[in-house]
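Content type compact mmCIF, C-alpha atoms and all ligand atoms, from the file final07.txt:
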```
# COMPACT_ATOMS: atom_id res chain seq x y z
CA MET A 16 11.19 -3.02 -33.20
CA ARG A 17 11.04 -5.64 -30.41
CA ARG A 18 14.17 -7.36 -31.70
CA VAL A 19 16.09 -4.08 -31.99
CA PHE A 20 15.46 -3.26 -28.34
CA LEU A 21 16.25 -6.80 -27.21
CA TRP A 22 19.52 -6.57 -29.17
CA ALA A 23 20.23 -3.18 -27.53
CA ALA A 24 19.61 -4.77 -24.12
CA ARG A 25 22.54 -7.13 -24.76
CA ASN A 26 24.87 -4.62 -26.42
CA THR A 27 27.75 -3.74 -24.08
CA TRP A 28 28.74 -0.54 -25.94
CA LEU A 29 25.24 0.90 -25.53
CA LYS A 30 24.99 -0.47 -21.98
CA GLU A 31 27.97 1.65 -20.96
CA ARG A 32 26.76 4.86 -22.62
CA LEU A 33 22.95 5.15 -22.75
CA PRO A 34 22.26 5.01 -18.98
CA ARG A 35 24.38 8.16 -18.52
CA LEU A 36 22.02 10.24 -20.66
CA GLY A 37 19.71 12.49 -18.67
CA PHE A 38 16.65 11.76 -20.80
CA MET A 39 17.11 8.01 -20.29
CA GLN A 40 17.31 8.55 -16.54
CA ARG A 41 14.10 10.61 -16.67
CA ALA A 42 12.30 8.07 -18.85
CA VAL A 43 13.08 5.04 -16.69
CA ARG A 44 11.42 6.73 -13.70
CA ARG A 45 8.08 5.77 -15.17
CA PHE A 46 8.79 2.13 -14.29
CA MET A 47 11.17 2.57 -11.38
CA PRO A 48 10.54 4.91 -8.45
CA GLY A 49 14.27 5.23 -7.76
CA GLU A 50 17.60 3.46 -7.60
CA THR A 51 17.57 2.67 -3.87
CA MET A 52 15.75 0.08 -1.78
CA ALA A 53 14.26 2.92 0.28
CA SER A 54 12.78 4.61 -2.81
CA ALA A 55 11.22 1.30 -3.86
CA MET A 56 9.65 0.77 -0.45
CA ASP A 57 8.46 4.37 -0.17
CA ALA A 58 6.44 3.70 -3.33
CA ALA A 59 4.64 0.82 -1.60
CA GLY A 60 2.53 3.10 0.65
CA PRO A 61 -0.44 3.81 -1.67
CA LEU A 62 -0.38 0.23 -2.93
CA GLN A 63 -0.44 -1.26 0.56
CA ALA A 64 -3.30 1.10 1.49
CA ALA A 65 -5.31 -0.32 -1.43
CA GLY A 66 -4.61 -3.91 -0.39
CA ILE A 67 -1.97 -4.44 -3.10
CA ALA A 68 1.07 -6.45 -2.00
CA THR A 69 4.58 -5.64 -3.26
CA MET A 70 7.60 -7.56 -4.50
CA TYR A 71 11.11 -6.13 -4.67
CA THR A 72 13.87 -6.84 -7.11
CA ARG A 73 17.25 -5.16 -7.33
CA LEU A 74 18.19 -4.86 -10.97
CA GLY A 75 21.37 -6.50 -12.13
CA GLU A 76 22.31 -9.71 -13.90
CA ASN A 77 25.37 -11.73 -15.00
CA LEU A 78 28.04 -11.01 -12.38
CA ALA A 79 31.70 -10.60 -13.36
CA SER A 80 32.82 -12.77 -10.43
CA LEU A 81 31.22 -15.06 -7.87
CA ALA A 82 32.42 -12.81 -5.04
CA GLU A 83 29.85 -10.17 -6.09
CA ALA A 84 27.05 -12.62 -5.28
CA ASP A 85 27.84 -12.38 -1.54
CA GLU A 86 26.98 -8.70 -1.60
CA VAL A 87 23.76 -9.33 -3.56
CA ALA A 88 22.64 -12.05 -1.13
CA ALA A 89 23.42 -9.81 1.87
CA HIS A 90 21.40 -7.06 0.21
CA TYR A 91 18.32 -9.29 -0.12
CA LEU A 92 18.57 -10.26 3.56
CA ALA A 93 18.49 -6.54 4.37
CA VAL A 94 15.49 -6.08 2.05
CA LEU A 95 13.60 -8.79 3.94
CA ASP A 96 14.43 -7.10 7.26
CA GLU A 97 13.23 -3.75 5.90
CA ILE A 98 9.97 -5.26 4.59
CA ALA A 99 9.32 -6.59 8.10
CA ALA A 100 10.41 -3.34 9.81
CA ARG A 101 8.01 -1.30 7.65
CA GLY A 102 5.17 -3.79 8.15
CA LEU A 103 4.76 -4.33 4.40
CA THR A 104 3.13 -7.32 2.75
CA GLY A 105 6.20 -7.88 0.63
CA GLU A 106 8.22 -10.58 -1.09
CA VAL A 107 11.48 -10.61 -3.05
CA SER A 108 12.24 -11.68 -6.60
CA VAL A 109 15.80 -12.58 -7.57
CA LYS A 110 17.66 -13.42 -10.77
CA PRO A 111 19.83 -16.56 -10.51
CA THR A 112 22.66 -14.95 -12.51
CA GLN A 113 22.67 -12.15 -9.91
CA LEU A 114 23.55 -14.80 -7.35
CA GLY A 115 26.29 -16.39 -9.45
CA LEU A 116 24.62 -18.96 -11.73
CA ASP A 117 27.17 -18.25 -14.49
CA HIS A 118 29.93 -19.28 -12.10
CA ASP A 119 28.75 -21.97 -9.68
CA GLU A 120 25.33 -23.63 -9.33
CA ASP A 121 25.97 -24.96 -5.80
CA ALA A 122 27.06 -21.53 -4.55
CA THR A 123 23.96 -19.98 -6.14
CA LEU A 124 21.79 -22.54 -4.40
CA ALA A 125 23.47 -21.81 -1.06
CA HIS A 126 22.65 -18.11 -1.47
CA LEU A 127 19.05 -18.89 -2.40
CA VAL A 128 18.65 -21.18 0.62
CA ARG A 129 20.00 -18.46 2.91
CA ILE A 130 17.66 -15.84 1.48
CA ALA A 131 14.67 -18.22 1.59
CA GLU A 132 15.39 -19.25 5.19
CA HIS A 133 15.47 -15.60 6.17
CA ALA A 134 12.26 -14.93 4.23
CA SER A 135 10.64 -17.79 6.06
CA SER A 136 11.64 -16.33 9.43
CA THR A 137 10.20 -12.90 8.52
CA GLY A 138 7.03 -14.35 6.97
CA ALA A 139 8.01 -13.40 3.40
CA TYR A 140 8.54 -15.44 0.24
CA VAL A 141 11.23 -15.70 -2.45
CA TRP A 142 10.60 -15.84 -6.19
CA ILE A 143 13.19 -16.89 -8.74
CA ASP A 144 13.03 -14.90 -11.97
CA MET A 145 13.50 -16.68 -15.28
CA GLU A 146 16.16 -15.33 -17.64
CA GLY A 147 17.08 -16.24 -21.24
CA SER A 148 16.65 -19.81 -22.51
CA ALA A 149 20.28 -20.77 -21.84
CA TYR A 150 19.44 -20.61 -18.12
CA VAL A 151 16.06 -22.33 -18.05
CA GLU A 152 17.18 -25.90 -17.32
CA HIS A 153 19.70 -24.75 -14.67
CA THR A 154 17.10 -22.52 -13.05
CA ILE A 155 14.48 -25.25 -12.88
CA ARG A 156 17.04 -27.63 -11.36
CA LEU A 157 17.96 -24.96 -8.82
CA TYR A 158 14.31 -24.55 -7.90
CA GLU A 159 13.84 -28.31 -7.47
CA ARG A 160 16.78 -28.37 -5.06
CA LEU A 161 15.69 -25.22 -3.26
CA ARG A 162 12.08 -26.29 -2.89
CA ALA A 163 13.18 -29.60 -1.34
CA VAL A 164 14.55 -27.67 1.64
CA GLN A 165 12.58 -24.43 1.63
CA PRO A 166 8.87 -24.37 0.73
CA ARG A 167 8.33 -20.57 0.76
CA THR A 168 9.78 -20.29 -2.72
CA GLY A 169 8.43 -19.94 -6.25
CA ILE A 170 9.72 -19.88 -9.82
CA CYS A 171 8.86 -17.85 -12.88
CA LEU A 172 8.03 -19.81 -16.07
CA GLN A 173 7.59 -18.35 -19.55
CA ALA A 174 4.57 -19.17 -21.74
CA TYR A 175 6.45 -18.38 -24.98
CA LEU A 176 8.68 -21.42 -24.44
CA LYS A 177 7.43 -24.64 -25.99
CA ARG A 178 8.92 -26.66 -23.11
CA THR A 179 6.92 -24.93 -20.36
CA ALA A 180 3.98 -27.39 -20.34
CA ASP A 181 6.46 -30.20 -19.64
CA ASP A 182 8.24 -28.11 -17.03
CA ILE A 183 4.98 -27.57 -15.16
CA SER A 184 4.24 -31.33 -15.23
CA ARG A 185 7.78 -31.99 -14.00
CA LEU A 186 7.38 -29.55 -11.08
CA MET A 187 3.83 -30.64 -10.16
CA PRO A 188 4.92 -33.29 -7.58
CA LEU A 189 6.53 -30.42 -5.62
CA ASP A 190 3.21 -28.54 -5.34
CA PRO A 191 5.08 -25.61 -6.84
CA ALA A 192 4.53 -21.87 -6.69
CA ILE A 193 4.66 -20.65 -10.29
CA ARG A 194 4.62 -17.12 -11.60
CA LEU A 195 3.55 -17.46 -15.21
CA VAL A 196 4.74 -14.73 -17.59
CA LYS A 197 4.71 -14.46 -21.38
CA GLY A 198 8.52 -14.09 -21.62
CA ALA A 199 10.75 -11.07 -22.18
CA TYR A 200 13.77 -12.33 -24.17
CA ASP A 201 14.51 -12.84 -27.85
CA GLU A 202 14.18 -16.60 -28.33
CA PRO A 203 14.39 -18.59 -31.58
CA GLU A 204 11.42 -20.19 -33.34
CA ALA A 205 12.80 -23.68 -32.63
CA ILE A 206 12.11 -23.36 -28.91
CA ALA A 207 9.65 -20.50 -28.56
CA TYR A 208 6.34 -19.29 -29.98
CA ARG A 209 7.05 -15.98 -31.66
CA ASP A 210 3.52 -15.12 -32.66
CA LYS A 211 1.70 -13.16 -29.93
CA ARG A 212 -1.58 -15.02 -30.44
CA ARG A 213 0.12 -18.37 -29.91
CA VAL A 214 1.89 -17.10 -26.78
CA ASP A 215 -1.42 -15.82 -25.40
CA ALA A 216 -3.19 -19.11 -26.22
CA ASN A 217 -0.42 -21.10 -24.56
CA TYR A 218 -0.56 -18.83 -21.51
CA LEU A 219 -4.30 -19.36 -21.18
CA GLY A 220 -4.00 -23.14 -21.56
CA LEU A 221 -1.09 -23.44 -19.09
CA ALA A 222 -2.75 -21.32 -16.41
CA VAL A 223 -6.11 -23.08 -16.64
CA ARG A 224 -4.51 -26.56 -16.70
CA PHE A 225 -2.31 -25.74 -13.68
CA LEU A 226 -5.28 -24.48 -11.66
CA LEU A 227 -7.41 -27.52 -12.57
CA ASP A 228 -4.64 -30.07 -11.92
CA GLY A 229 -3.70 -28.38 -8.66
CA ARG A 230 -7.22 -27.73 -7.41
CA ASP A 231 -6.85 -30.03 -4.36
CA ARG A 232 -3.21 -29.26 -3.72
CA PRO A 233 -1.31 -26.40 -2.05
CA ILE A 234 -0.04 -24.91 -5.30
CA ARG A 235 0.37 -21.16 -5.83
CA LEU A 236 -0.11 -19.38 -9.16
CA GLY A 237 0.87 -15.80 -9.92
CA LEU A 238 -0.40 -14.46 -13.24
CA GLY A 239 2.55 -12.20 -14.10
CA THR A 240 0.96 -10.24 -16.91
CA HIS A 241 -0.61 -6.86 -17.68
CA ASP A 242 -3.00 -8.53 -20.11
CA VAL A 243 -6.17 -7.91 -18.15
CA ALA A 244 -8.44 -9.52 -20.76
CA LEU A 245 -6.38 -12.72 -20.48
CA ILE A 246 -6.54 -12.64 -16.66
CA GLU A 247 -10.31 -12.25 -16.80
CA GLN A 248 -10.58 -15.05 -19.37
CA ILE A 249 -8.61 -17.40 -17.09
CA ALA A 250 -10.78 -16.43 -14.10
CA ALA A 251 -13.95 -17.08 -16.13
CA GLN A 252 -12.76 -20.44 -17.47
CA VAL A 253 -11.77 -21.87 -14.10
CA ALA A 254 -14.89 -20.47 -12.43
CA THR A 255 -16.96 -22.94 -14.49
CA SER A 256 -15.10 -25.70 -12.60
CA GLY A 257 -15.78 -24.06 -9.24
CA ILE A 258 -12.30 -22.55 -8.88
CA GLY A 259 -12.46 -19.05 -7.47
CA ARG A 260 -10.23 -15.98 -7.73
CA ASP A 261 -8.72 -16.81 -4.36
CA ARG A 262 -6.77 -19.66 -6.04
CA PHE A 263 -4.45 -17.32 -7.97
CA GLU A 264 -2.82 -13.92 -7.79
CA VAL A 265 -2.16 -11.19 -10.31
CA ALA A 266 1.34 -9.70 -10.49
CA MET A 267 2.21 -6.60 -12.50
CA LEU A 268 5.18 -4.28 -12.78
CA TYR A 269 5.30 -0.91 -11.06
CA GLY A 270 4.11 1.87 -13.38
CA ILE A 271 2.39 -0.40 -15.90
CA ARG A 272 -1.43 -0.39 -16.03
CA ALA A 273 -1.50 1.05 -12.53
CA GLY A 274 -5.21 1.93 -12.78
CA GLU A 275 -6.01 -1.69 -13.64
CA GLN A 276 -3.98 -2.90 -10.66
CA PHE A 277 -6.17 -0.82 -8.33
CA ARG A 278 -9.36 -1.84 -10.14
CA LEU A 279 -8.57 -5.56 -9.95
CA ALA A 280 -7.75 -5.22 -6.24
CA ARG A 281 -11.10 -3.47 -5.68
CA GLU A 282 -12.84 -6.31 -7.52
CA GLY A 283 -11.42 -8.89 -5.14
CA TYR A 284 -8.37 -10.17 -7.03
CA ALA A 285 -5.18 -10.66 -5.00
CA VAL A 286 -2.79 -8.22 -6.68
CA ALA A 287 0.95 -7.68 -6.20
CA THR A 288 3.17 -5.02 -7.77
CA LEU A 289 6.77 -5.87 -8.56
CA ILE A 290 8.94 -2.83 -7.84
CA ALA A 291 12.39 -2.80 -9.41
CA TYR A 292 15.21 -0.53 -8.32
CA GLY A 293 18.99 -0.27 -8.58
CA GLU A 294 21.70 1.29 -10.69
CA HIS A 295 21.86 -1.48 -13.31
CA TRP A 296 18.49 -0.78 -14.93
CA TYR A 297 19.59 -0.50 -18.56
CA PRO A 298 18.90 -4.06 -19.97
CA TRP A 299 15.71 -4.34 -17.93
CA TYR A 300 14.47 -0.97 -19.25
CA MET A 301 15.29 -1.99 -22.84
CA ARG A 302 13.11 -5.08 -22.36
CA ARG A 303 10.24 -2.82 -21.19
CA LEU A 304 10.65 -0.68 -24.34
CA ALA A 305 10.65 -3.84 -26.46
CA GLU A 306 7.30 -4.86 -24.98
CA ARG A 307 5.47 -1.75 -26.05
CA PRO A 308 6.35 0.71 -28.80
CA ALA A 309 4.36 3.47 -27.05
CA ASN A 310 7.02 3.44 -24.33
CA VAL A 311 9.54 4.60 -26.91
CA THR A 312 7.43 7.68 -27.64
CA PHE A 313 7.39 8.35 -23.91
CA ALA A 314 11.19 7.98 -23.74
CA ILE A 315 11.61 10.39 -26.65
CA ARG A 316 9.32 12.92 -24.95
CA SER A 317 11.69 12.72 -21.97
CA LEU A 318 14.30 14.37 -24.20
CA LEU A 319 12.49 17.59 -23.34
CA PRO A 320 13.69 19.09 -20.08
P1 LIG B 1 1.37 -8.01 -23.39
O1 LIG B 1 2.74 -7.72 -23.89
O2 LIG B 1 0.42 -8.74 -24.27
O3 LIG B 1 0.73 -6.67 -22.92
C1 LIG B 1 -0.62 -6.55 -22.52
C2 LIG B 1 -0.89 -5.11 -22.25
O4 LIG B 1 -0.16 -4.69 -21.09
C3 LIG B 1 -0.42 -4.16 -23.35
O5 LIG B 1 -1.39 -3.99 -24.33
C4 LIG B 1 -0.14 -2.89 -22.58
O6 LIG B 1 -1.33 -2.21 -22.32
C5 LIG B 1 0.39 -3.41 -21.27
N1 LIG B 1 1.86 -3.51 -21.26
C6 LIG B 1 2.59 -4.63 -21.39
N2 LIG B 1 3.91 -4.35 -21.31
C7 LIG B 1 4.00 -3.02 -21.16
C8 LIG B 1 5.07 -2.13 -21.00
N3 LIG B 1 6.35 -2.54 -21.01
N4 LIG B 1 4.79 -0.83 -20.87
C9 LIG B 1 3.54 -0.37 -20.85
N5 LIG B 1 2.47 -1.17 -20.98
C10 LIG B 1 2.68 -2.48 -21.12
N6 LIG B 1 9.74 -12.04 -18.03
C11 LIG B 1 10.71 -12.98 -18.02
O7 LIG B 1 11.14 -13.44 -19.09
N7 LIG B 1 11.22 -13.44 -16.83
C12 LIG B 1 10.75 -13.00 -15.62
O8 LIG B 1 11.23 -13.44 -14.55
C13 LIG B 1 9.69 -12.04 -15.63
N8 LIG B 1 9.15 -11.58 -14.45
C14 LIG B 1 8.02 -10.80 -14.50
C15 LIG B 1 7.32 -10.52 -13.32
C16 LIG B 1 6.13 -9.81 -13.37
C17 LIG B 1 5.39 -9.51 -12.10
C18 LIG B 1 5.63 -9.34 -14.63
C19 LIG B 1 4.35 -8.55 -14.72
C20 LIG B 1 6.34 -9.60 -15.78
C21 LIG B 1 7.52 -10.33 -15.74
N9 LIG B 1 8.21 -10.62 -16.92
C22 LIG B 1 9.23 -11.56 -16.87
C23 LIG B 1 7.90 -9.91 -18.20
C24 LIG B 1 6.94 -10.70 -19.07
O9 LIG B 1 7.57 -11.83 -19.60
C25 LIG B 1 6.44 -9.83 -20.25
O10 LIG B 1 7.53 -9.49 -21.06
C26 LIG B 1 5.72 -8.57 -19.84
O11 LIG B 1 4.91 -8.78 -18.72
C27 LIG B 1 4.86 -8.01 -21.01
O12 LIG B 1 3.89 -8.93 -21.38
P2 LIG B 1 2.38 -8.92 -20.82
O13 LIG B 1 2.14 -10.25 -20.22
O14 LIG B 1 2.17 -7.81 -19.88
O15 LIG B 1 1.43 -8.88 -22.06
```
Can you dump the structure from the file as structure tokens?
Amino acid sequence: MRRVFLWAARNTWLKERLPRLGFMQRAVRRFMPGETMASAMDAAGPLQAAGIATMYTRLGENLASLAEADEVAAHYLAVLDEIAARGLTGEVSVKPTQLGLDHDEDATLAHLVRIAEHASSTGAYVWIDMEGSAYVEHTIRLYERLRAVQPRTGICLQAYLKRTADDISRLMPLDPAIRLVKGAYDEPEAIAYRDKRRVDANYLGLAVRFLLDGRDRPIRLGLGTHDVALIEQIAAQVATSGIGRDRFEVAMLYGIRAGEQFRLAREGYAVATLIAYGEHWYPWYMRRLAERPANVTFAIRSLLP
């Protein structure tokens, strides 16, 4: 099932047709408050009131030409201004291919630097999403170059990849900000753990190791997962070494385990909700369906008016 949806996420024929269907548009609303930046930020109110921070990402990946990246970068500058204008505790999360990584690494870096400089001036922060494995090395290199000039920046790393332990060691001298996720793409056995238990075990080991190794350093760790049992296991393991909950954050997607997001915030965890918006939601939504078969039932129920 997971592989079928991940295949559908990449299929251009489906990508052109499925998003036009009314039931698909109704179903995606569960994870996305709307297609505009304003709708995303309107959804932040109840979260902010409960002490939950927000992150914003405009959906879209793999540009047809580098020129489109200028518009995307300008959009993120406007998002940062709007976060400040609304007084939100907000950050942005961007995909490197949305800023032109398929076309020109230096130009992508220049866009990231501009966005990060602006984030720094408004008191925000920029996260770089991690895409499929073909982009991992380029993305890590981009982050190394970005971080050298702009510290208010972080990178997403995927626990299903066998290389991630080495990538964390490689980034450690930078005192990095890492958002650790399990990984959302269809990757081959040669480079990725495909068994959920192994991914979970690797996630646990990577998070605990990073917190222990970075205990006296200004690192930042975001646990980008809805796996609450795993989050609590990590918290318990590091607590035995005197590392408290204030040393990491929990990041979840809008509309997923919302009750748990509020509960964790009430229990003293730093929680952030990533709110996605935009017209190009199709591949992203397919990846959400791939993660959980129950979402497919929900999508089918949306066939009803
Ligand atoms: P897991 O799949 O084990 O799910 C644990 C529980 O969470 C499930 O039992 C269910 O209750 C709930 N759940 C999980 N997914 C759900 C869904 N789609 N719908 C409803 N319930 C669900 N990936 C990537 O490759 N690159 C990236 O840059 C990012 N960025 C990112 C940011 C943030 C803030 C989050 C939370 C996630 C990402 N991801 C990502 C996605 C990530 O790799 C992963 O695919 C999903 O988070 C699903 O895995 P979980 O860690 O939630 O665990």
Neighbours of ligand LIG 1 (chain B) within 6 Å, counting all atoms listed in the file, as a PyMOL selection string?
chain A and resi 144-146+171+196-200+239-242+266-268+271+289+303-304+306-307+310
As a ChimeraX atom specification, please: the residues near region 119-134 of chain A (cut-off 10 Å, all atoms listed in the file, same-chain neighbours under 3 positions excluded).
/A:81,84-85,87-96,98-99,105-107,109,111-116,137-143,153-154,156-158,160-162,164-168
Quick check, in Å to one decimal: how far apart do CA of Leu33 (chain A) and CA of Glu204 (chain A) lie?
29.8 Å
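The coordinates place CA of Lys30 (chain A) at 13.3 Å from CA of Asn77 (chain A).
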Restricting the calculation to all atoms listed in the file, which member of A:Asn26, A:Asp182, A:Glu97, A:Asp261 is positioned closest to Ala53 (chain A)?
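Of A:Asn26, A:Asp182, A:Glu97, A:Asp261, the one nearest Ala53 (chain A), counting all atoms listed in the file, is A:Glu97.
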Hey, which of A:Gln63, A:Gln248, A:Gln40, A:Ser108 ends up closest to Ala291 (chain A)? Count only C-alpha atoms.
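Comparing A:Gln63, A:Gln248, A:Gln40, A:Ser108 against Ala291 (chain A), the winner is A:Ser108.
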Using CA of Arg278 (chain A) and CA of Arg194 (chain A) as the two end points, give the distance in Å to one decimal.
20.8 Å
Taking all atoms listed in the file into account, which of A:Asp210, A:Arg262, A:Ala100, A:Pro191 comes nearest Val223 (chain A)?
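Closest candidate: A:Arg262.
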With 4 Å of padding per side, what axis-aligned box (centre and edge lengths, Å, one decimal) covers all the listed atoms of region 120-125 of chain A? Give it as lines of an AutoDock Vina configuration file.
```
center_x = 24.4
center_y = -22.5
center_z = -5.2
size_x = 13.3
size_y = 13.0
size_z = 16.3
```
As a list in words, please: the residues near Gly220 (chain A) (cut-off 10 Å, all atoms listed in the file, same-chain neighbours under 6 positions excluded).
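Selected residues are Ala174, Ala180, Val214 and Ile249 of chain A.
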With distances taken over all atoms listed in the file, which residue among A:Glu264, A:Glu50, A:Glu31, A:Asp117 lies nearest Thr69 (chain A)?
A:Glu264
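Counting all atoms listed in the file, the residue from A:Asp57, A:Glu159, A:Glu76, A:Glu275 that sits nearest to Ala24 (chain A) is A:Glu76.
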For Gly237 (chain A), the nearest of the candidates A:Ala251, A:Leu172, A:Met52, A:Ile183, counting only C-alpha atoms
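Among the listed residues, the smallest separation from Gly237 (chain A) belongs to A:Leu172.
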10 Å contact set for Gly66 (chain A), only C-alpha atoms, chain neighbours under 6 positions out, as a count of residues only
9
Just give me the residues with any atom within 10 Å of (14.2, -28.5, -24.5), file coordinates, counting only C-alpha atoms, written as a list in words.
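Every polymer residue passing the test: Ser148, Val151, Glu152, Leu176, Lys177, Arg178, Thr179, Asp181, Asp182, Ala205 and Ile206 of chain A.
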